[in-house]
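Peer 1: Below is a structure I'd like to ask you about.
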Amino acid sequence: MIATVFVAACITTWGQPVINRIEYYVDTDPGYGLATLVPAAAAANITTNFSISFAPLAEGVHVVGVRSRDENGIWSHDNRWVFLKPYSSNSSGPAPHIVRLEYFVDTDPGYGNGMPITITPGQDIGNAVINLSLIPLNPGVHVLGVRSKDANGVWSYDNRWIFLKPYPTSNSGAVPNITKVEYYLDTDPGKGNATDVPITPGADVAAVPISLGLTALQEGVHTFGVRSLDANGVWSQDNRWLFLKPHTASTTGPVSPVSQMEYYIDSDPGYGKAVQVQLTPGEDLAAKPIAVNINNLAAGAHYVYMRTRNANGVWSQDYRWNVNLANNLSGNSALVNSFVVGRACNEGTITLGYQASGAFNSGNQFVAQLSDATGSFANPVNIGNVTTTLLTGQLQITLPQNGAPPSSAYRVRINSTNPATTGEASRMPFTIYKYVIGKDTTVFVRCEFDTYNLNNINNFVFEGGSAVWNIADPTQAPVGTHLIYAVSAIGCKDTAAATVTQEANVWTGTANNNWFNPANWSRGKVPTNVTHVIVNSGTPNPCVLSGANATVASVRLNGGASISIQPGFNLVVMGTCNNLPAP
């Protein structure tokens with residue numbers, strides 16, 4: 001028995017950019033894309049929870065940072081929070097005393113280099129007093145930072161406050177004018193180097209409009225920063241906002257189609273290196289069944305992850321499914337994890353994706369087999385193989401010519417030869433379609449030099465696709481056999497023959513003497529204006545024409561035979577042929 005789990009991929013398109021990765025870090029930022037992944041399904045708007053393990057963290061104050069990335073590769077601004085891992089008497093005894101308190105203004109000189117604040121060492125120094133002299137500071141906005149160090153040498157997180165040293169009239173006579181306003185998008189080029197906003201210098205520039213040029217920006221999340229400079233050369237604090245440039249069909253065109261799908265179990269081997277899923281262009285991925293080989297997994301909890309990449313090379317968020325195994329199944333196995341039917345007809349192609357588990361020896365072959373029309377493998381047909389020991393791969397095979405009758409219940413499986421194992425039948429059936437445009441047919445002309453318009457043949461049925469005759473002008477087909485080659489809309493092929501010939505019809509008279517009774521003729525039909533009639537003597541009933549007129553190509557009376565034409569009716573002979581057909 002092969003252990004498998006089946007998942008269905010769900011790929012959704014939307015107007016706004018999709019968030020395909022959320023990650024977090026504690027204290028130290030490892031860089032974009034390198035922080036700890038937060039499992040969450042990709043969506044334009046995500047609300048999720050995640051857990052942080054406190055075990056490896058030192059007791060004290062820490063910072064957690066969280067950010068997200070959208071499908072265009074644009075990262076959000078980091079959201080950061082301060083949290084405390086408390087001191088526990090169970091792990092480290094009483095909380096250590098605070099032994100140093102220091103502060104800085106505007107510029108951080110580094111841990112231990114700030115201005116010391118006099119304290120009595122203890123666990124609670126919340127009432128410590130900071131005597132901050134504002135005299136050396138320029139009027140304007142400033143930042144005060146305060147931190148502490150405990151007896152174990154662990155520094156706290158910086159607490160910072162913004163404060164204003166006002167412009168007193170006694171010093172300068174008036175608040176200095178704002179002389180410059182500038183802004184930047186995403187990347188700060190440095191004070192004085194951002195985009196200038198035209199203003200009239202003054203003490204209040206709050207109503208100044210700023211027009212952003214968004215044309216050159218990628219669609220997605222961006223940061224907008226604004227600051228000002230006063231007449232004394234003092235810069236304000238930056239004001240920053242997040243904003244979204246939405247995706248629109250007019251700027252981005254249609255959503256890029258999915259070109260690759262892959263999955264892995266528990267451990268991510270890297271983008272493009274997981275087990276590949278075979279895809280049909282335009283396939284409904286939300287309903288696509290995928291078999292995952294879970295043989296040789298230990299009993300317990302596991303995760304199956306799946307992701308896709310679009311034609312622009314952008315990967316989706318990893319989707320995750322939980323798998324809980326009560327028992328593990330060991331040994332060699334192979335299964336078809338997905339397949340693509342190129343042409344669902346005889347002589348069509350199938351691309352099979354397979355996943356094996358276990359160990360296979362040198363010279364091993366993975367052999368693809370096709371069931372019968374009912375899905376049974378009682379008498380399977382080998383349809384392709386590959387010599388390899390690789391545990392994942394694909395096989396492209398051609399269906400047997402005229403060996404698979406039409407059915408919607410076919411299945412495939414993958415076996416191995418070294419060691420020999422029998423694979424599991426694919427869970428999803430597929431259809432092999434036999435394309436038949438019609439039976440070979442015969443049409444008649446009066447004389448051997450006449451032609452026939454093959455387009456008038458109405459017993460050929462074409463279901464889309466295209467068809468072509470093997471003669472240059474099918475409207476003037478001479479006596480002989482001609483072929484038509486047809487290809488359906490899904491690529492299935494069929495060929496039919498049309499024979500152009502002369503018709504001879506012999507009177508048998510087995511039913512009665514009525515000309516218009518088909519049972520009295522060798523061809524089982526009444527002669528027409530292209531039929532060459534032959535009447536022999538000695539028939540059970542003589543030939544009598546009555547009740548209507550008749551038209552034929554020619555008449556041959558053999559051995560003294562005759563045709564009795566009743567008064568008031570005519571037999572018209574149309575032929576001017578050089579050669580008459582044999583009976």
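In the structure tokens, chains take letters A, B, ... by order of appearance, with residues numbered from 1 within each chain and ligands from 1 in the order shown.
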Applying 12 Å and only C-alpha atoms, which residues near A:Ala519 remain after dropping the ones on its own chain fewer than 4 positions away? List them as a PDB file with N, CA and C atoms, in the first residue's frame.
Peer 2:
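The result, stored in result_19.pdb:
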```pdb
ATOM      1  N   ASN A 505     -26.811  -0.750 -61.929  1.00  0.00           N
ATOM      2  CA  ASN A 505     -27.860  -1.305 -61.078  1.00  0.00           C
ATOM      3  C   ASN A 505     -28.648  -2.329 -61.905  1.00  0.00           C
ATOM      4  N   VAL A 506     -28.664  -3.594 -61.462  1.00  0.00           N
ATOM      5  CA  VAL A 506     -29.255  -4.699 -62.228  1.00  0.00           C
ATOM      6  C   VAL A 506     -30.658  -5.011 -61.724  1.00  0.00           C
ATOM      7  N   TRP A 507     -31.606  -5.162 -62.704  1.00  0.00           N
ATOM      8  CA  TRP A 507     -32.984  -5.567 -62.354  1.00  0.00           C
ATOM      9  C   TRP A 507     -32.979  -7.031 -61.945  1.00  0.00           C
ATOM     10  N   THR A 508     -33.516  -7.319 -60.736  1.00  0.00           N
ATOM     11  CA  THR A 508     -33.619  -8.706 -60.267  1.00  0.00           C
ATOM     12  C   THR A 508     -35.049  -9.208 -60.312  1.00  0.00           C
ATOM     13  N   GLY A 509     -36.032  -8.341 -60.146  1.00  0.00           N
ATOM     14  CA  GLY A 509     -37.450  -8.713 -60.186  1.00  0.00           C
ATOM     15  C   GLY A 509     -37.840  -9.707 -59.133  1.00  0.00           C
ATOM     16  N   THR A 510     -37.173  -9.739 -58.032  1.00  0.00           N
ATOM     17  CA  THR A 510     -37.457 -10.754 -57.005  1.00  0.00           C
ATOM     18  C   THR A 510     -38.720 -10.456 -56.212  1.00  0.00           C
ATOM     19  N   ALA A 511     -39.153  -9.211 -56.147  1.00  0.00           N
ATOM     20  CA  ALA A 511     -40.327  -8.868 -55.343  1.00  0.00           C
ATOM     21  C   ALA A 511     -41.602  -8.839 -56.173  1.00  0.00           C
ATOM     22  N   ASN A 512     -41.589  -8.104 -57.270  1.00  0.00           N
ATOM     23  CA  ASN A 512     -42.729  -7.977 -58.181  1.00  0.00           C
ATOM     24  C   ASN A 512     -42.228  -7.340 -59.465  1.00  0.00           C
ATOM     25  N   ASN A 513     -43.116  -6.732 -60.236  1.00  0.00           N
ATOM     26  CA  ASN A 513     -42.693  -6.132 -61.503  1.00  0.00           C
ATOM     27  C   ASN A 513     -42.591  -4.612 -61.442  1.00  0.00           C
ATOM     28  N   ASN A 514     -42.650  -4.020 -60.257  1.00  0.00           N
ATOM     29  CA  ASN A 514     -42.683  -2.558 -60.081  1.00  0.00           C
ATOM     30  C   ASN A 514     -41.274  -1.962 -60.151  1.00  0.00           C
ATOM     31  N   TRP A 515     -41.043  -1.082 -61.152  1.00  0.00           N
ATOM     32  CA  TRP A 515     -39.766  -0.368 -61.317  1.00  0.00           C
ATOM     33  C   TRP A 515     -39.364   0.361 -60.047  1.00  0.00           C
ATOM     34  N   ARG A 523     -28.845  -3.140 -56.203  1.00  0.00           N
ATOM     35  CA  ARG A 523     -28.263  -2.218 -55.212  1.00  0.00           C
ATOM     36  C   ARG A 523     -29.252  -1.856 -54.113  1.00  0.00           C
ATOM     37  N   GLY A 524     -30.450  -2.453 -54.164  1.00  0.00           N
ATOM     38  CA  GLY A 524     -31.438  -2.179 -53.124  1.00  0.00           C
ATOM     39  C   GLY A 524     -31.965  -0.771 -53.177  1.00  0.00           C
ATOM     40  N   LYS A 525     -31.868  -0.113 -54.330  1.00  0.00           N
ATOM     41  CA  LYS A 525     -32.384   1.239 -54.465  1.00  0.00           C
ATOM     42  C   LYS A 525     -32.845   1.450 -55.904  1.00  0.00           C
ATOM     43  N   VAL A 526     -33.752   2.404 -56.072  1.00  0.00           N
ATOM     44  CA  VAL A 526     -34.310   2.711 -57.389  1.00  0.00           C
ATOM     45  C   VAL A 526     -33.276   3.514 -58.185  1.00  0.00           C
ATOM     46  N   PRO A 527     -33.089   3.232 -59.483  1.00  0.00           N
ATOM     47  CA  PRO A 527     -32.134   3.971 -60.304  1.00  0.00           C
ATOM     48  C   PRO A 527     -32.433   5.470 -60.339  1.00  0.00           C
ATOM     49  N   ASN A 541     -39.821 -11.763 -62.318  1.00  0.00           N
ATOM     50  CA  ASN A 541     -40.888 -10.853 -62.745  1.00  0.00           C
ATOM     51  C   ASN A 541     -40.314  -9.893 -63.780  1.00  0.00           C
TER      52      ASN A 541
END
```
Peer 1: Give me the residues near stretch 321-333 of chain A as number ranges by chain, where near means some atom within 9 Å (using only C-alpha atoms) and where sequence neighbours in that chain fewer than 2 positions away do not count.
Peer 2: A: 1-3, 5, 7, 293-306, 319, 335, 355-360, 415-416, 419-424
Peer 1: Output the selection as an mmCIF file, in the first residue's frame - N, CA and C atoms for each residue.
Peer 2:
```
data_model
loop_
_atom_site.group_PDB
_atom_site.id
_atom_site.type_symbol
_atom_site.label_atom_id
_atom_site.label_comp_id
_atom_site.auth_asym_id
_atom_site.auth_seq_id
_atom_site.Cartn_x
_atom_site.Cartn_y
_atom_site.Cartn_z
ATOM 1 N N MET A 1 0.844 -1.202 0.000
ATOM 2 C CA MET A 1 0.000 0.000 0.000
ATOM 3 C C MET A 1 0.869 1.238 0.000
ATOM 4 N N ILE A 2 0.455 2.243 -0.754
ATOM 5 C CA ILE A 2 1.208 3.500 -0.819
ATOM 6 C C ILE A 2 0.456 4.553 -0.027
ATOM 7 N N ALA A 3 1.150 5.243 0.858
ATOM 8 C CA ALA A 3 0.525 6.317 1.628
ATOM 9 C C ALA A 3 0.532 7.590 0.808
ATOM 10 N N VAL A 5 -1.465 11.627 0.260
ATOM 11 C CA VAL A 5 -2.369 12.663 0.720
ATOM 12 C C VAL A 5 -2.694 13.514 -0.492
ATOM 13 N N VAL A 7 -4.236 17.050 -2.117
ATOM 14 C CA VAL A 7 -4.529 18.451 -1.869
ATOM 15 C C VAL A 7 -5.045 19.054 -3.155
ATOM 16 N N ASN A 293 3.180 11.796 -2.072
ATOM 17 C CA ASN A 293 3.678 10.537 -1.518
ATOM 18 C C ASN A 293 4.204 10.774 -0.101
ATOM 19 N N ILE A 294 3.525 10.174 0.877
ATOM 20 C CA ILE A 294 3.939 10.366 2.275
ATOM 21 C C ILE A 294 4.504 9.079 2.875
ATOM 22 N N ASN A 295 4.868 8.130 2.013
ATOM 23 C CA ASN A 295 5.579 6.944 2.504
ATOM 24 C C ASN A 295 6.886 7.347 3.176
ATOM 25 N N ASN A 296 7.272 6.595 4.166
ATOM 26 C CA ASN A 296 8.537 6.765 4.883
ATOM 27 C C ASN A 296 8.587 8.011 5.758
ATOM 28 N N LEU A 297 7.441 8.673 5.960
ATOM 29 C CA LEU A 297 7.392 9.748 6.943
ATOM 30 C C LEU A 297 7.147 9.150 8.319
ATOM 31 N N ALA A 298 7.765 9.717 9.333
ATOM 32 C CA ALA A 298 7.557 9.242 10.698
ATOM 33 C C ALA A 298 6.137 9.552 11.138
ATOM 34 N N ALA A 299 5.597 8.725 11.997
ATOM 35 C CA ALA A 299 4.275 8.989 12.557
ATOM 36 C C ALA A 299 4.300 10.314 13.310
ATOM 37 N N GLY A 300 3.193 11.047 13.218
ATOM 38 C CA GLY A 300 3.121 12.339 13.881
ATOM 39 C C GLY A 300 2.655 13.421 12.934
ATOM 40 N N ALA A 301 2.901 14.662 13.328
ATOM 41 C CA ALA A 301 2.418 15.816 12.564
ATOM 42 C C ALA A 301 3.427 16.208 11.488
ATOM 43 N N HIS A 302 2.919 16.496 10.290
ATOM 44 C CA HIS A 302 3.733 16.980 9.179
ATOM 45 C C HIS A 302 2.957 18.076 8.448
ATOM 46 N N TYR A 303 3.682 18.794 7.599
ATOM 47 C CA TYR A 303 3.061 19.855 6.819
ATOM 48 C C TYR A 303 3.415 19.677 5.347
ATOM 49 N N VAL A 304 2.390 19.818 4.499
ATOM 50 C CA VAL A 304 2.597 19.848 3.047
ATOM 51 C C VAL A 304 2.443 21.289 2.601
ATOM 52 N N TYR A 305 3.476 21.795 1.920
ATOM 53 C CA TYR A 305 3.471 23.175 1.442
ATOM 54 C C TYR A 305 3.388 23.181 -0.085
ATOM 55 N N MET A 306 2.663 24.130 -0.608
ATOM 56 C CA MET A 306 2.557 24.258 -2.058
ATOM 57 C C MET A 306 2.650 25.731 -2.442
ATOM 58 N N TYR A 319 1.309 27.837 0.532
ATOM 59 C CA TYR A 319 0.098 27.335 1.170
ATOM 60 C C TYR A 319 0.471 26.104 2.008
ATOM 61 N N LEU A 335 4.234 6.964 -7.307
ATOM 62 C CA LEU A 335 2.877 7.317 -7.710
ATOM 63 C C LEU A 335 2.905 8.476 -8.696
ATOM 64 N N GLN A 355 6.254 10.967 -8.138
ATOM 65 C CA GLN A 355 7.010 11.122 -6.892
ATOM 66 C C GLN A 355 7.198 9.743 -6.287
ATOM 67 N N ALA A 356 8.434 9.352 -6.035
ATOM 68 C CA ALA A 356 8.742 8.052 -5.436
ATOM 69 C C ALA A 356 9.324 8.263 -4.047
ATOM 70 N N SER A 357 9.345 7.187 -3.270
ATOM 71 C CA SER A 357 10.004 7.222 -1.963
ATOM 72 C C SER A 357 10.697 5.893 -1.746
ATOM 73 N N GLY A 358 11.730 5.923 -0.938
ATOM 74 C CA GLY A 358 12.528 4.727 -0.708
ATOM 75 C C GLY A 358 13.874 4.846 -1.389
ATOM 76 N N ALA A 359 14.476 3.701 -1.713
ATOM 77 C CA ALA A 359 15.789 3.667 -2.370
ATOM 78 C C ALA A 359 15.695 2.762 -3.594
ATOM 79 N N PHE A 360 16.196 3.256 -4.730
ATOM 80 C CA PHE A 360 16.142 2.500 -5.975
ATOM 81 C C PHE A 360 17.567 2.274 -6.487
ATOM 82 N N ASN A 415 5.193 2.179 -12.128
ATOM 83 C CA ASN A 415 5.858 1.058 -11.460
ATOM 84 C C ASN A 415 7.367 1.275 -11.491
ATOM 85 N N SER A 416 8.095 0.555 -10.652
ATOM 86 C CA SER A 416 9.554 0.571 -10.702
ATOM 87 C C SER A 416 10.042 -0.851 -10.970
ATOM 88 N N PRO A 419 14.213 -1.887 -7.033
ATOM 89 C CA PRO A 419 13.415 -3.098 -6.888
ATOM 90 C C PRO A 419 12.042 -2.960 -7.552
ATOM 91 N N ALA A 420 11.405 -4.093 -7.800
ATOM 92 C CA ALA A 420 10.111 -4.109 -8.470
ATOM 93 C C ALA A 420 9.013 -3.695 -7.496
ATOM 94 N N THR A 421 8.292 -2.634 -7.853
ATOM 95 C CA THR A 421 7.143 -2.195 -7.062
ATOM 96 C C THR A 421 6.012 -1.848 -8.012
ATOM 97 N N THR A 422 4.808 -1.995 -7.528
ATOM 98 C CA THR A 422 3.620 -1.657 -8.309
ATOM 99 C C THR A 422 3.039 -0.366 -7.771
ATOM 100 N N GLY A 423 2.883 0.599 -8.655
ATOM 101 C CA GLY A 423 2.386 1.897 -8.241
ATOM 102 C C GLY A 423 0.884 1.908 -8.040
ATOM 103 N N GLU A 424 0.426 2.987 -7.437
ATOM 104 C CA GLU A 424 -1.001 3.176 -7.181
ATOM 105 C C GLU A 424 -1.651 3.839 -8.383
#
```
Peer 1: Select, from A:Asp106, A:Asp450, A:Glu23, A:Asp78, the residue with the minimum atom-to-atom distance to A:Leu242, counting only C-alpha atoms.
Peer 2: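 Distance minimum relative to A:Leu242 lands on A:Asp78.
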Peer 1: List every residue of stretch 484-510 of chain A that has an atom at most 12 Å from any atom of stretch 576-579 of chain A, and for each one report the closest atom pair and its distance in Å to one decimal, counting only C-alpha atoms, with rows sorted by chain and then by increasing residue number, as a tab-separated table.
Peer 2:
```
residue	atom	partner	partner_atom	distance
A:Gln502	CA	A:Asn579	CA	9.8
A:Glu503	CA	A:Asn579	CA	11.9
A:Ala504	CA	A:Asn579	CA	11.8
```
Peer 1: Could you dump the residues just selected with C-alpha atoms as a compact mmCIF listing (two decimals), in the first residue's frame?
Peer 2:
```
# COMPACT_ATOMS: atom_id res chain seq x y z
CA GLN A 502 -20.06 5.04 -62.10
CA GLU A 503 -23.04 3.05 -60.85
CA ALA A 504 -24.55 -0.03 -62.47
```
Peer 1: When DSSP works through the backbone of this structure, what residues of stretch 411-531 of chain A end up as helix (DSSP H, G or I), shown as a list in words?
Peer 2: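 Output for stretch 411-531 of chain A, helix (DSSP H, G or I) only: Leu454, Asn455, Asn456, Pro474, Thr475, Gln476, Pro518, Ala519 and Asn520 of chain A.
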Peer 1: Which distance in Å separates atom CA of A:Asp266 and atom CA of A:Asn337, to one decimal?
Peer 2: 17.6 Å
Peer 1: So, with only C-alpha atoms as the atoms that count, which of A:Asn382, A:Ser228, A:Thr481, A:Asn570 lies closest to A:Ala497?
Peer 2: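 Looking at the shortest contact to A:Ala497, the residue is A:Thr481.
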Peer 1: At a cut-off of 8 Å, using only C-alpha atoms, what residues contact A:Gly60? Leave out same-chain residues fewer than 6 positions from it and give the result as a ChimeraX atom specification.
Peer 2: /A:84-87,154,156
Peer 1: Next, dump the selected residues to file, keeping only N, CA and C atoms, as a compact mmCIF listing (two decimals), in the first residue's frame.
Peer 2:
```txt
# COMPACT_ATOMS: atom_id res chain seq x y z
N LEU A 84 8.66 42.57 27.11
CA LEU A 84 9.52 42.21 28.23
C LEU A 84 9.43 40.71 28.49
N LYS A 85 10.59 40.06 28.53
CA LYS A 85 10.64 38.71 29.07
C LYS A 85 11.00 38.87 30.55
N PRO A 86 10.04 38.62 31.42
CA PRO A 86 10.28 38.93 32.85
C PRO A 86 11.33 38.00 33.46
N TYR A 87 11.91 38.50 34.52
CA TYR A 87 12.86 37.70 35.30
C TYR A 87 12.08 36.74 36.17
N VAL A 154 22.93 43.60 31.06
CA VAL A 154 21.92 43.63 29.99
C VAL A 154 21.31 45.03 29.93
N SER A 156 18.51 47.80 28.61
CA SER A 156 17.10 47.87 28.26
C SER A 156 16.96 48.45 26.84
```
Peer 1: Would you please work out which residue, of A:Ala498, A:Ile52, A:Ile350, A:Val208, is nearest to A:Val226 when using only C-alpha atoms?
Peer 2: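 Closest candidate: A:Val208.
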Peer 1: Give me the residues within 9 Å of A:Leu395 as a ChimeraX atom specification, counting only C-alpha atoms and dropping any in the same chain fewer than 5 places off.
Peer 2: /A:350-354,366-368,384-386
Peer 1: Go ahead and dump the residues you just picked, N, CA and C atoms, as a tab-separated table (two decimals), in the first residue's frame.
Peer 2:
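Here's the written file result12.tsv:
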```tsv
chain	number	residue	atom	x	y	z
A	350	ILE	N	0.57	12.29	-23.15
A	350	ILE	CA	0.34	12.53	-21.73
A	350	ILE	C	1.69	12.82	-21.08
A	351	THR	N	1.74	13.87	-20.26
A	351	THR	CA	2.92	14.14	-19.45
A	351	THR	C	2.58	13.80	-18.00
A	352	LEU	N	3.30	12.82	-17.46
A	352	LEU	CA	3.07	12.37	-16.10
A	352	LEU	C	4.14	12.92	-15.16
A	353	GLY	N	3.73	13.48	-14.05
A	353	GLY	CA	4.66	13.82	-12.98
A	353	GLY	C	4.61	12.73	-11.93
A	354	TYR	N	5.77	12.26	-11.47
A	354	TYR	CA	5.78	11.20	-10.48
A	354	TYR	C	6.60	11.59	-9.26
A	366	PHE	N	11.42	3.61	-14.08
A	366	PHE	CA	10.05	3.93	-13.72
A	366	PHE	C	9.22	3.76	-14.99
A	367	VAL	N	8.23	2.87	-14.92
A	367	VAL	CA	7.45	2.49	-16.10
A	367	VAL	C	6.02	3.00	-15.95
A	368	ALA	N	5.55	3.75	-16.95
A	368	ALA	CA	4.17	4.24	-16.95
A	368	ALA	C	3.27	3.20	-17.60
A	384	GLY	N	5.41	4.01	-21.56
A	384	GLY	CA	6.62	4.82	-21.49
A	384	GLY	C	7.44	4.47	-20.27
A	385	ASN	N	8.73	4.82	-20.30
A	385	ASN	CA	9.59	4.54	-19.16
A	385	ASN	C	10.77	5.49	-19.17
A	386	VAL	N	11.42	5.60	-18.01
A	386	VAL	CA	12.63	6.39	-17.88
A	386	VAL	C	13.56	5.64	-16.93
```
Peer 1: At what distance in Å, to one decimal, does atom CA of A:Phe104 lie from atom CA of A:Thr120?
Peer 2: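 Taking atom CA of A:Thr120 and atom CA of A:Phe104, their separation equals 19.9 Å.
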Peer 1: Between A:Trp241, A:Phe430, A:Phe444, A:Trp235, which has the minimum distance to A:His532 (counting only C-alpha atoms)?
Peer 2: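 Closest residue, counting only C-alpha atoms: A:Phe444.
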